[in-house]
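Next comes model-v5.cif, with mmCIF, C-alpha atoms and all ligand atoms.
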data_final
#
loop_
_atom_site.label_atom_id
_atom_site.label_comp_id
_atom_site.auth_asym_id
_atom_site.auth_seq_id
_atom_site.Cartn_x
_atom_site.Cartn_y
_atom_site.Cartn_z
CA MET B 227 24.31 -4.31 2.17
CA THR B 228 25.02 -6.76 4.98
CA TYR B 229 25.48 -10.37 3.94
CA HIS B 230 22.88 -12.79 5.29
CA SER B 231 23.75 -16.47 5.32
CA GLY B 232 21.10 -19.00 4.34
CA ARG B 233 17.89 -18.33 2.49
CA HIS B 234 15.87 -15.16 2.97
CA PHE B 235 12.35 -16.00 4.18
CA LEU B 236 9.92 -14.23 1.88
CA GLN B 237 6.72 -14.92 3.80
CA LEU B 238 4.61 -12.18 2.29
CA PRO B 239 1.20 -12.95 0.88
CA GLY B 240 2.86 -12.26 -2.45
CA PRO B 241 5.23 -12.07 -4.11
CA THR B 242 5.93 -15.60 -2.89
CA ASN B 243 9.09 -17.69 -3.13
CA THR B 244 9.98 -18.51 -6.70
CA PRO B 245 11.10 -22.18 -6.88
CA ALA B 246 14.58 -22.87 -8.31
CA ARG B 247 12.97 -24.91 -11.10
CA VAL B 248 11.01 -21.86 -12.22
CA LEU B 249 14.04 -19.58 -12.02
CA ARG B 250 16.08 -22.03 -14.10
CA ALA B 251 13.34 -22.27 -16.70
CA MET B 252 13.28 -18.48 -16.91
CA SER B 253 17.01 -18.27 -17.51
CA LYS B 254 16.72 -19.78 -20.99
CA ALA B 255 17.49 -17.47 -23.89
CA THR B 256 14.63 -15.31 -25.10
CA ILE B 257 13.34 -16.53 -28.47
CA ASP B 258 11.57 -14.92 -31.42
CA HIS B 259 8.04 -14.20 -30.23
CA ARG B 260 6.79 -14.55 -33.80
CA GLY B 261 8.53 -17.86 -34.48
CA PRO B 262 7.16 -21.43 -34.60
CA ASP B 263 8.53 -22.53 -31.19
CA PHE B 264 6.83 -19.60 -29.58
CA ALA B 265 3.48 -20.47 -31.11
CA GLU B 266 3.61 -23.92 -29.56
CA LEU B 267 4.50 -22.46 -26.17
CA THR B 268 1.53 -20.08 -26.34
CA HIS B 269 -0.89 -22.88 -27.16
CA ARG B 270 0.39 -25.01 -24.29
CA LEU B 271 0.11 -22.08 -21.86
CA LEU B 272 -3.40 -21.13 -22.90
CA GLU B 273 -4.44 -24.75 -22.42
CA GLY B 274 -2.75 -24.82 -18.99
CA THR B 275 -4.44 -21.54 -18.04
CA ARG B 276 -7.84 -22.99 -18.94
CA ARG B 277 -7.17 -25.97 -16.68
CA LEU B 278 -6.11 -23.68 -13.86
CA PHE B 279 -9.26 -21.56 -14.05
CA ARG B 280 -11.40 -24.66 -14.68
CA THR B 281 -12.84 -23.16 -17.83
CA GLU B 282 -13.40 -24.16 -21.42
CA HIS B 283 -13.88 -20.58 -22.52
CA ASP B 284 -11.54 -17.70 -23.32
CA VAL B 285 -8.45 -16.97 -21.25
CA PHE B 286 -6.00 -14.10 -21.58
CA ILE B 287 -2.40 -13.60 -20.49
CA HIS B 288 -1.05 -10.03 -20.30
CA PRO B 289 2.35 -8.73 -19.19
CA ALA B 290 1.23 -6.87 -16.04
CA SER B 291 0.84 -7.30 -12.30
CA GLY B 292 -2.58 -8.28 -11.00
CA SER B 293 -3.83 -4.70 -11.20
CA GLY B 294 -3.53 -4.89 -14.98
CA ALA B 295 -6.06 -7.72 -14.96
CA TRP B 296 -8.44 -5.53 -12.92
CA GLU B 297 -8.24 -2.91 -15.63
CA ALA B 298 -8.54 -5.44 -18.46
CA ALA B 299 -11.70 -6.88 -16.89
CA ILE B 300 -13.37 -3.48 -16.70
CA ALA B 301 -12.15 -1.93 -19.95
CA ASN B 302 -13.21 -4.95 -21.99
CA THR B 303 -16.72 -5.48 -20.67
CA LEU B 304 -18.23 -2.18 -19.49
CA SER B 305 -19.27 1.22 -20.81
CA SER B 306 -19.02 4.63 -19.18
CA GLY B 307 -21.80 5.15 -16.64
CA ASP B 308 -22.47 1.43 -16.14
CA ARG B 309 -23.30 0.56 -12.58
CA VAL B 310 -21.40 -2.10 -10.62
CA VAL B 311 -21.46 -3.21 -6.98
CA SER B 312 -18.42 -3.52 -4.76
CA PHE B 313 -18.17 -4.42 -1.06
CA GLU B 314 -15.75 -2.85 1.40
CA GLN B 315 -13.98 -6.16 1.89
CA GLY B 316 -10.59 -4.56 2.31
CA PHE B 317 -7.70 -2.88 0.56
CA PHE B 318 -7.82 -4.95 -2.65
CA ALA B 319 -11.59 -4.81 -3.12
CA GLN B 320 -11.42 -1.05 -2.70
CA SER B 321 -8.50 -0.71 -5.08
CA TRP B 322 -10.41 -2.59 -7.79
CA ALA B 323 -13.44 -0.33 -7.22
CA LYS B 324 -11.14 2.67 -7.63
CA VAL B 325 -9.96 1.42 -11.02
CA ALA B 326 -13.61 1.10 -12.08
CA ARG B 327 -14.38 4.63 -10.87
CA ARG B 328 -11.48 6.04 -12.86
CA PHE B 329 -13.05 4.52 -15.96
CA GLY B 330 -16.28 6.39 -15.31
CA ILE B 331 -18.09 3.40 -13.86
CA ASP B 332 -20.79 4.16 -11.31
CA VAL B 333 -19.62 2.04 -8.37
CA ILE B 334 -22.09 1.27 -5.60
CA GLN B 335 -19.81 0.90 -2.61
CA VAL B 336 -21.51 -1.32 -0.03
CA THR B 337 -20.37 -0.82 3.56
CA TRP B 338 -19.01 -4.11 4.79
CA ASP B 339 -17.25 -5.50 7.86
CA PRO B 340 -13.82 -6.45 6.48
CA ARG B 341 -13.48 -9.21 9.07
CA VAL B 342 -16.15 -11.37 7.42
CA GLY B 343 -16.74 -12.66 3.89
CA VAL B 344 -19.42 -11.27 1.57
CA ILE B 345 -22.64 -13.29 1.80
CA PRO B 346 -25.09 -14.06 -1.03
CA ALA B 347 -27.96 -12.26 0.74
CA ALA B 348 -26.00 -9.01 0.66
CA VAL B 349 -25.40 -9.38 -3.08
CA LEU B 350 -29.07 -10.17 -3.70
CA GLU B 351 -30.16 -7.14 -1.69
CA GLN B 352 -28.24 -4.90 -4.09
CA LEU B 353 -29.47 -6.70 -7.19
CA GLU B 354 -33.10 -6.63 -6.10
CA ALA B 355 -32.88 -2.88 -5.51
CA ASP B 356 -31.51 -2.17 -8.97
CA PRO B 357 -32.19 -4.12 -12.17
CA SER B 358 -29.64 -2.00 -14.07
CA ILE B 359 -26.56 -3.32 -12.26
CA LYS B 360 -24.08 -4.64 -14.82
CA ALA B 361 -21.61 -6.47 -12.60
CA VAL B 362 -20.77 -7.48 -9.05
CA LEU B 363 -17.09 -7.26 -8.08
CA VAL B 364 -15.96 -9.67 -5.37
CA VAL B 365 -12.53 -10.57 -4.06
CA HIS B 366 -12.28 -14.32 -3.44
CA ASN B 367 -9.48 -14.08 -0.91
CA GLU B 368 -9.05 -10.55 0.42
CA THR B 369 -5.32 -10.66 0.99
CA SER B 370 -5.31 -7.59 3.24
CA THR B 371 -7.49 -9.30 5.88
CA GLY B 372 -7.04 -13.02 5.25
CA VAL B 373 -10.79 -13.43 4.80
CA THR B 374 -12.21 -15.71 2.09
CA THR B 375 -15.62 -15.24 0.46
CA ASP B 376 -17.73 -18.18 -0.70
CA ILE B 377 -17.84 -17.44 -4.43
CA GLU B 378 -19.68 -20.63 -5.34
CA SER B 379 -22.70 -19.61 -3.21
CA ILE B 380 -22.70 -16.07 -4.58
CA GLY B 381 -22.60 -17.39 -8.15
CA GLN B 382 -25.47 -19.78 -7.37
CA ALA B 383 -27.57 -17.05 -5.76
CA MET B 384 -26.99 -14.69 -8.68
CA ARG B 385 -28.04 -17.33 -11.22
CA ASP B 386 -31.13 -18.24 -9.17
CA SER B 387 -32.12 -14.58 -8.95
CA GLY B 388 -32.39 -14.29 -12.73
CA HIS B 389 -30.74 -10.84 -12.52
CA PRO B 390 -28.53 -10.26 -15.58
CA ALA B 391 -25.54 -8.82 -13.65
CA MET B 392 -22.20 -10.44 -14.34
CA LEU B 393 -19.98 -11.80 -11.57
CA PHE B 394 -16.36 -10.57 -11.58
CA VAL B 395 -13.97 -12.31 -9.20
CA ASP B 396 -10.51 -11.27 -8.06
CA ALA B 397 -8.69 -14.56 -7.53
CA VAL B 398 -5.20 -13.07 -7.38
CA SER B 399 -4.31 -14.76 -4.09
CA SER B 400 -6.66 -17.73 -4.39
CA LEU B 401 -5.94 -19.33 -7.76
CA ALA B 402 -3.70 -22.39 -7.32
CA VAL B 403 -4.22 -22.01 -3.56
CA THR B 404 -7.82 -23.02 -3.02
CA ASP B 405 -10.59 -24.39 -5.21
CA LEU B 406 -11.97 -22.01 -7.82
CA GLN B 407 -14.14 -23.12 -10.73
CA HIS B 408 -14.75 -20.41 -13.27
CA ASP B 409 -17.35 -22.26 -15.37
CA ALA B 410 -19.12 -24.35 -12.73
CA TRP B 411 -19.51 -21.45 -10.31
CA GLY B 412 -20.94 -19.16 -12.97
CA ILE B 413 -18.18 -16.57 -12.86
CA ASP B 414 -18.02 -14.15 -15.80
CA VAL B 415 -14.55 -12.73 -15.38
CA THR B 416 -11.88 -14.17 -13.08
CA VAL B 417 -8.61 -12.27 -12.70
CA THR B 418 -5.30 -13.34 -11.23
CA GLY B 419 -1.60 -12.47 -11.10
CA SER B 420 1.54 -14.56 -11.33
CA GLN B 421 3.30 -13.80 -8.05
CA LYS B 422 1.06 -15.56 -5.52
CA GLY B 423 -0.15 -19.15 -5.78
CA MET B 424 1.44 -19.51 -9.20
CA MET B 425 4.92 -19.19 -7.67
CA LEU B 426 6.21 -16.87 -10.40
CA PRO B 427 7.81 -13.47 -10.08
CA PRO B 428 5.40 -10.55 -10.53
CA GLY B 429 4.63 -9.59 -14.12
CA LEU B 430 1.87 -11.72 -15.57
CA SER B 431 -1.85 -11.15 -15.21
CA LEU B 432 -4.30 -13.80 -16.29
CA LEU B 433 -8.02 -13.65 -16.94
CA ALA B 434 -10.82 -16.03 -17.76
CA ALA B 435 -13.95 -14.73 -19.48
CA SER B 436 -17.32 -16.46 -19.83
CA ALA B 437 -19.38 -16.45 -23.03
CA ARG B 438 -21.55 -13.80 -21.36
CA ALA B 439 -18.50 -11.63 -20.71
CA MET B 440 -17.46 -12.01 -24.35
CA ASP B 441 -20.96 -10.90 -25.40
CA ALA B 442 -20.66 -7.89 -23.11
CA HIS B 443 -17.28 -7.21 -24.68
CA ALA B 444 -18.85 -7.04 -28.13
CA THR B 445 -21.01 -4.04 -27.16
CA ALA B 446 -18.95 -2.42 -24.38
CA THR B 447 -17.66 1.02 -25.32
CA LEU B 448 -14.96 1.92 -22.79
CA PRO B 449 -11.74 2.78 -24.65
CA ARG B 450 -9.30 -0.11 -24.67
CA SER B 451 -6.16 -0.74 -26.59
CA TYR B 452 -3.42 -2.70 -24.87
CA TRP B 453 -5.95 -4.93 -23.10
CA ASP B 454 -8.29 -5.43 -26.03
CA TRP B 455 -9.55 -8.99 -26.10
CA ASP B 456 -10.28 -8.98 -29.86
CA ASP B 457 -6.66 -8.21 -30.70
CA GLN B 458 -5.51 -10.72 -28.14
CA LYS B 459 -7.75 -13.50 -29.45
CA THR B 460 -6.83 -12.90 -33.07
CA PHE B 461 -3.14 -13.21 -32.29
CA ASN B 462 -3.48 -15.97 -29.64
CA GLU B 463 -5.27 -18.20 -32.13
CA ARG B 464 -2.06 -18.31 -34.16
CA GLY B 465 0.07 -18.67 -31.03
CA PHE B 466 1.17 -15.05 -30.80
CA PHE B 467 0.46 -11.81 -28.97
CA PRO B 468 -0.44 -8.36 -30.31
CA TYR B 469 2.74 -7.01 -28.68
CA THR B 470 6.02 -8.43 -27.40
CA PRO B 471 4.99 -10.74 -24.54
CA ALA B 472 7.01 -11.40 -21.35
CA THR B 473 8.71 -14.40 -22.92
CA ASN B 474 10.87 -15.45 -19.97
CA LEU B 475 7.98 -15.20 -17.52
CA LEU B 476 6.07 -17.46 -19.87
CA TYR B 477 8.90 -20.02 -19.67
CA GLY B 478 8.57 -19.83 -15.90
CA MET B 479 4.83 -20.21 -16.14
CA GLU B 480 5.13 -23.42 -18.11
CA GLU B 481 7.40 -24.85 -15.42
CA ALA B 482 5.07 -23.69 -12.62
CA LEU B 483 2.10 -25.31 -14.35
CA ALA B 484 4.10 -28.55 -14.62
CA MET B 485 4.90 -28.40 -10.90
CA LEU B 486 1.24 -27.86 -9.98
CA ASP B 487 0.32 -30.83 -12.19
CA GLU B 488 2.95 -33.02 -10.56
CA GLU B 489 1.72 -32.21 -7.08
CA GLY B 490 -1.92 -32.46 -8.15
CA MET B 491 -4.35 -29.61 -7.54
CA GLU B 492 -6.21 -31.47 -4.79
CA ASN B 493 -2.91 -31.85 -2.92
CA VAL B 494 -2.03 -28.21 -3.53
CA PHE B 495 -5.35 -27.14 -2.00
CA ALA B 496 -5.02 -29.58 0.93
CA ARG B 497 -1.49 -28.35 1.67
CA HIS B 498 -2.60 -24.72 1.79
CA ASP B 499 -5.61 -25.58 3.92
CA LEU B 500 -3.39 -27.40 6.43
CA PHE B 501 -0.87 -24.55 6.54
CA GLY B 502 -3.64 -22.04 7.17
CA ARG B 503 -4.99 -24.12 10.05
CA ALA B 504 -1.53 -24.63 11.53
CA THR B 505 -0.81 -20.90 11.39
CA ARG B 506 -4.06 -20.04 13.12
CA ALA B 507 -3.40 -22.72 15.77
CA ALA B 508 -0.11 -20.95 16.49
CA VAL B 509 -1.77 -17.52 16.67
CA ARG B 510 -4.42 -18.81 19.08
CA ALA B 511 -1.79 -20.41 21.30
CA TRP B 512 0.09 -17.10 21.39
CA GLY B 513 -3.12 -15.60 22.76
CA LEU B 514 -3.40 -13.27 19.75
CA GLU B 515 -6.30 -12.72 17.41
CA VAL B 516 -6.57 -13.15 13.66
CA VAL B 517 -8.51 -10.58 11.61
CA ALA B 518 -10.85 -13.23 10.11
CA ARG B 519 -13.76 -13.50 12.51
CA ASN B 520 -15.05 -16.90 11.34
CA GLU B 521 -12.75 -19.91 11.16
CA SER B 522 -14.71 -21.15 8.14
CA GLU B 523 -13.77 -17.97 6.24
CA ALA B 524 -10.14 -17.79 7.36
CA SER B 525 -7.81 -17.75 4.40
CA CYS B 526 -5.47 -20.60 3.58
CA ALA B 527 -3.20 -18.13 1.71
CA ALA B 528 -2.42 -15.56 4.39
CA THR B 529 -3.16 -14.86 8.04
CA ALA B 530 -3.50 -11.31 9.34
CA VAL B 531 -2.52 -11.21 13.03
CA LEU B 532 -3.71 -8.36 15.25
CA VAL B 533 -1.17 -7.10 17.77
CA PRO B 534 -2.46 -5.87 21.15
CA GLU B 535 -3.22 -2.14 21.41
CA ASP B 536 -0.26 0.06 22.22
CA HIS B 537 1.96 -2.14 20.09
CA ASP B 538 3.04 -1.46 16.52
CA ALA B 539 2.73 -4.38 14.12
CA ASP B 540 5.22 -2.77 11.75
CA ALA B 541 7.82 -2.56 14.53
CA VAL B 542 7.43 -6.32 15.05
CA ARG B 543 7.91 -6.87 11.32
CA ALA B 544 10.96 -4.63 11.21
CA LEU B 545 12.55 -6.49 14.11
CA ILE B 546 11.89 -9.86 12.50
CA LEU B 547 13.45 -8.70 9.24
CA GLU B 548 16.46 -7.29 11.01
CA ARG B 549 17.10 -10.24 13.31
CA PHE B 550 15.91 -13.21 11.30
CA ASP B 551 15.96 -12.06 7.67
CA MET B 552 12.28 -12.78 7.19
CA SER B 553 9.81 -10.48 5.38
CA LEU B 554 6.20 -10.50 6.58
CA GLY B 555 3.31 -8.56 5.07
CA THR B 556 2.39 -5.15 6.47
CA GLY B 557 -1.10 -4.23 7.66
CA LEU B 558 -3.07 -2.50 4.89
CA GLY B 559 -5.79 0.15 5.08
CA PRO B 560 -7.38 0.29 8.54
CA PHE B 561 -5.02 -2.47 9.74
CA LYS B 562 -1.86 -0.41 9.16
CA GLY B 563 0.28 -0.78 12.28
CA LYS B 564 -2.43 -2.92 13.89
CA ALA B 565 -1.81 -6.22 12.13
CA PHE B 566 0.97 -8.04 10.33
CA ARG B 567 0.35 -10.71 7.73
CA ILE B 568 1.96 -14.13 7.44
CA GLY B 569 1.96 -15.44 3.87
CA HIS B 570 1.62 -19.23 3.65
CA LEU B 571 0.99 -19.71 -0.03
CA GLY B 572 2.96 -20.83 -3.02
CA ASP B 573 6.13 -22.87 -2.85
CA LEU B 574 6.55 -23.91 0.80
CA ASN B 575 6.51 -27.04 2.91
CA THR B 576 5.99 -27.99 6.56
CA LEU B 577 9.44 -26.93 7.67
CA THR B 578 9.31 -23.64 5.77
CA LEU B 579 6.08 -22.85 7.60
CA LEU B 580 7.51 -23.90 10.96
CA GLY B 581 10.62 -21.78 10.37
CA THR B 582 8.29 -18.89 9.62
CA LEU B 583 6.28 -19.42 12.79
CA CYS B 584 9.50 -19.74 14.84
CA GLY B 585 10.59 -16.38 13.46
CA VAL B 586 7.27 -14.82 14.42
CA GLU B 587 7.35 -16.30 17.93
CA MET B 588 10.90 -15.06 18.54
CA GLY B 589 9.91 -11.69 17.11
CA LEU B 590 7.00 -11.42 19.55
CA ARG B 591 9.33 -12.26 22.42
CA LEU B 592 11.97 -9.71 21.45
CA SER B 593 9.57 -6.90 20.68
CA GLY B 594 7.86 -7.03 24.05
CA VAL B 595 4.40 -7.80 22.67
CA PRO B 596 2.47 -9.67 25.38
CA TYR B 597 1.97 -13.25 24.17
CA GLU B 598 2.08 -16.79 25.47
CA SER B 599 4.72 -19.19 24.22
CA GLY B 600 3.65 -22.46 22.62
CA GLY B 601 2.40 -21.29 19.25
CA VAL B 602 5.04 -23.21 17.35
CA ASP B 603 4.26 -26.30 19.47
CA ALA B 604 0.59 -26.05 18.59
CA ALA B 605 1.46 -25.82 14.90
CA MET B 606 3.90 -28.74 15.16
CA ASN B 607 1.22 -30.90 16.77
CA LEU B 608 -1.18 -30.19 13.97
CA LEU B 609 1.39 -30.57 11.20
CA SER B 610 2.86 -33.84 12.48
CA GLU B 611 -0.58 -35.44 12.64
CA ASP B 612 -1.06 -34.85 8.94
CA VAL B 613 0.39 -37.76 6.99
CA GLY B 614 3.00 -37.53 4.32
CA ARG B 615 4.29 -33.97 4.24
C1 LIG B 701 -1.79 -9.04 -4.95
C2 LIG B 701 -3.22 -8.78 -5.19
C3 LIG B 701 -3.67 -8.01 -6.27
C4 LIG B 701 -2.82 -7.43 -7.35
O1 LIG B 701 -1.85 -6.62 -6.98
P1 LIG B 701 -0.62 -6.32 -7.95
O2 LIG B 701 0.31 -5.68 -7.00
O3 LIG B 701 -1.07 -5.43 -9.01
O4 LIG B 701 -0.14 -7.63 -8.49
C5 LIG B 701 -5.03 -7.90 -6.45
N1 LIG B 701 -5.90 -8.49 -5.64
C6 LIG B 701 -5.52 -9.24 -4.61
C7 LIG B 701 -6.55 -9.91 -3.78
C8 LIG B 701 -4.17 -9.42 -4.34
O5 LIG B 701 -3.78 -10.19 -3.33
#
Kindly transcribe the structure held in the file into structure tokens.
Ligand SMILES: *Cc1c(COP(=O)(O)O)cnc(C)c1O
Amino acid sequence: MTYHSGRHFLQLPGPTNTPARVLRAMSKATIDHRGPDFAELTHRLLEGTRRLFRTEHDVFIHPASGSGAWEAAIANTLSSGDRVVSFEQGFFAQSWAKVARRFGIDVIQVTWDPRVGVIPAAVLEQLEADPSIKAVLVVHNETSTGVTTDIESIGQAMRDSGHPAMLFVDAVSSLAVTDLQHDAWGIDVTVTGSQKGMMLPPGLSLLAASARAMDAHATATLPRSYWDWDDQKTFNERGFFPYTPATNLLYGMEEALAMLDEEGMENVFARHDLFGRATRAAVRAWGLEVVARNESEASCAATAVLVPEDHDADAVRALILERFDMSLGTGLGPFKGKAFRIGHLGDLNTLTLLGTLCGVEMGLRLSGVPYESGGVDAAMNLLSEDVGR
């Protein structure tokens, strides 16, 4: 391996940069996961997780990447043959639907333009057509496209409709990035993973479940073992887990929660919002297009940038990695080779973002993609107007 001086720029939409404070916290010695110190840690983390999801109900922490939380949500609340609705929002929405299908769930796959967010009317159309629908699966921030869906409005519309379907939300790249309120928005199951806004390495999946989801759990008959919420609750109440948990990731999680508290969630959200706007200002100035069609739905976690036809987005990424030691996200699904993704979530500041955008601008220049210079300038203008960062 060639030595690279300085810090590697990990500007993927996850995993994100793990702060030194979190890494140090994780380097503590592993303790007895059935001992008294561990029990206190568990109680603090469950409390912190509730605050993060904005819920007073049940939360669960499993050792798994985000996909594990997808499975836990389905296995705990549904029965074989149950019908759920999913929209073709992008790679992650479709991957979640695939998990459901593998469990024998009857997934209604609604054709959807991945460049726009799901709208309440589209959800209602499905619900009105079928009173038997058990759940609606929506991705809050579809990381493959950089398009955000207005979950609050969907939750409101579903409650107003009186239809009994539950609302399941994938918040893997939106929790601790943008506002999400599990209880107030009427979400039944929210799922997330550790390696995005939470600034941890991959390996933890977190869920919040409403009282309605816990009722569904009581009668749901899909087989479940590792993910079973009854086992989990019984042990969690005493501060333990039904298996050996990922102790050192949990140390890191406590530190990450402390960091989010110190910054203040409102500031965390405002910072991500600003970085999203600055990134899109740069893309516009380059004369390129983002995948998100509406500015109001453009993600503050990641920006997918379309490269002009006849150019390969992955070649641009490869060049940037080779020359500037920066990793960007690849295009996923239909955007493979057509778009690259800039991650701007987690532990980063103004200069990290500007360094990232400089790397992209130089990469465009060197790879022969037609673009106009001035993207970094546009971002600098926007970022220097914002006070205090
Ligand atoms: C990252 C991500 C996931 C989970 O992927 P894992 O690789 O299993 O952690 C799920 N949904 C979205 C929207 C994501 O961004």
Notebook entry, point to check: For Ser312 of chain B, which residue out of B:Val336, B:Ala298, B:Leu271, B:Leu547 is the nearest one, using all atoms listed in the file?
Noted result: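 Closest to Ser312 of chain B, using all atoms listed in the file: B:Val336.
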Determine the axis-aligned bounding box of all atoms of ligand LIG 701 (chain B) present in the file, pad each side by 8 Å, and express its centre and edge lengths in Å to one decimal place as JSON.
{"center_x": -3.1, "center_y": -7.8, "center_z": -6.2, "size_x": 22.9, "size_y": 20.8, "size_z": 21.7}
Next item on the list: Find the residues around segment 573-580 of chain B up to 9 Å (all atoms listed in the file counted), leave out those fewer than 6 positions away in its own chain, and share them as a PyMOL selection string.
Entry: chain B and resi 235+237+242-245+423-425+497+501+504-505+602+605-606+609-610+615
Nearby polymer residues, ligand LIG 701 (chain B), at most 7 Å, all atoms listed in the file, as an mmCIF file with C-alpha atoms, in the frame of the given file:
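out_29.cif was written with the following content:
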data_model
loop_
_atom_site.group_PDB
_atom_site.id
_atom_site.type_symbol
_atom_site.label_atom_id
_atom_site.label_comp_id
_atom_site.auth_asym_id
_atom_site.auth_seq_id
_atom_site.Cartn_x
_atom_site.Cartn_y
_atom_site.Cartn_z
ATOM 1 C CA GLY B 240 2.860 -12.260 -2.450
ATOM 2 C CA SER B 291 0.840 -7.300 -12.300
ATOM 3 C CA GLY B 292 -2.580 -8.280 -11.000
ATOM 4 C CA SER B 293 -3.830 -4.700 -11.200
ATOM 5 C CA GLY B 294 -3.530 -4.890 -14.980
ATOM 6 C CA PHE B 318 -7.820 -4.950 -2.650
ATOM 7 C CA VAL B 365 -12.530 -10.570 -4.060
ATOM 8 C CA ASN B 367 -9.480 -14.080 -0.910
ATOM 9 C CA GLU B 368 -9.050 -10.550 0.420
ATOM 10 C CA THR B 369 -5.320 -10.660 0.990
ATOM 11 C CA ASP B 396 -10.510 -11.270 -8.060
ATOM 12 C CA ALA B 397 -8.690 -14.560 -7.530
ATOM 13 C CA VAL B 398 -5.200 -13.070 -7.380
ATOM 14 C CA SER B 399 -4.310 -14.760 -4.090
ATOM 15 C CA GLY B 419 -1.600 -12.470 -11.100
ATOM 16 C CA PRO B 428 5.400 -10.550 -10.530
#
Margin query: From the options B:Val342, B:Ala446, B:Leu278, B:Ala361, which residue's atoms come nearest to Asp414 of chain B, counting all atoms listed in the file?
Written below: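 Looking at the shortest contact to Asp414 of chain B, the residue is B:Ala361.
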Next item on the list: Figure out the distance between atom CA of Val373 of chain B and atom CA of Asp487 of chain B, please, to one decimal in Å.
Entry: 26.7 Å
Checklist line | Straight-line distance linking atom CA of Pro471 of chain B with atom CA of Gly274 of chain B, stated in Å to one decimal | finding: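 Distance reported for this atom pair: 17.0 Å.
Nearest-residue note for Lys459 of chain B: choosing from B:Ala544, B:Leu430, B:Met440, B:Leu475, the minimum distance belongs to B:Met440, counting all atoms listed in the file.
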Can you pull out every residue within 8 Å of Leu393 of chain B, counting all atoms listed in the file, but drop anything in the same chain fewer than 6 positions away, and send it as a PDB file with C-alpha atoms, in the frame of the given file?
ATOM      1  CA  ALA B 361     -21.610  -6.470 -12.600  1.00  0.00           C
ATOM      2  CA  VAL B 362     -20.770  -7.480  -9.050  1.00  0.00           C
ATOM      3  CA  LEU B 363     -17.090  -7.260  -8.080  1.00  0.00           C
ATOM      4  CA  VAL B 364     -15.960  -9.670  -5.370  1.00  0.00           C
ATOM      5  CA  GLY B 381     -22.600 -17.390  -8.150  1.00  0.00           C
ATOM      6  CA  GLY B 412     -20.940 -19.160 -12.970  1.00  0.00           C
ATOM      7  CA  ILE B 413     -18.180 -16.570 -12.860  1.00  0.00           C
ATOM      8  CA  ASP B 414     -18.020 -14.150 -15.800  1.00  0.00           C
ATOM      9  CA  VAL B 415     -14.550 -12.730 -15.380  1.00  0.00           C
TER      10      VAL B 415
END
Completed segment 405-416 of chain B (N, CA and C atoms) as a short mmCIF file (atom, residue, chain, number, x, y, z; two decimals), in the frame of the given file:
data_model
loop_
_atom_site.label_atom_id
_atom_site.label_comp_id
_atom_site.auth_asym_id
_atom_site.auth_seq_id
_atom_site.Cartn_x
_atom_site.Cartn_y
_atom_site.Cartn_z
N ASP B 405 -9.74 -24.04 -4.07
CA ASP B 405 -10.59 -24.39 -5.21
C ASP B 405 -11.27 -23.15 -5.80
N LEU B 406 -11.23 -23.05 -7.11
CA LEU B 406 -11.97 -22.01 -7.82
C LEU B 406 -12.36 -22.57 -9.17
N GLN B 407 -13.66 -22.51 -9.49
CA GLN B 407 -14.14 -23.12 -10.73
C GLN B 407 -14.90 -22.08 -11.54
N HIS B 408 -14.19 -21.51 -12.50
CA HIS B 408 -14.75 -20.41 -13.27
C HIS B 408 -16.08 -20.78 -13.93
N ASP B 409 -16.12 -21.88 -14.64
CA ASP B 409 -17.35 -22.26 -15.37
C ASP B 409 -18.44 -22.74 -14.41
N ALA B 410 -18.10 -23.72 -13.57
CA ALA B 410 -19.12 -24.35 -12.73
C ALA B 410 -19.73 -23.37 -11.74
N TRP B 411 -18.98 -22.40 -11.30
CA TRP B 411 -19.51 -21.45 -10.31
C TRP B 411 -20.20 -20.25 -10.97
N GLY B 412 -20.23 -20.24 -12.28
CA GLY B 412 -20.94 -19.16 -12.97
C GLY B 412 -20.25 -17.82 -12.89
N ILE B 413 -18.92 -17.84 -12.89
CA ILE B 413 -18.18 -16.57 -12.86
C ILE B 413 -18.06 -16.05 -14.29
N ASP B 414 -18.15 -14.73 -14.46
CA ASP B 414 -18.02 -14.15 -15.80
C ASP B 414 -16.60 -13.70 -16.11
N VAL B 415 -15.96 -13.04 -15.17
CA VAL B 415 -14.55 -12.73 -15.38
C VAL B 415 -13.79 -13.06 -14.09
N THR B 416 -12.77 -13.89 -14.21
CA THR B 416 -11.88 -14.17 -13.08
C THR B 416 -10.53 -13.57 -13.42
#
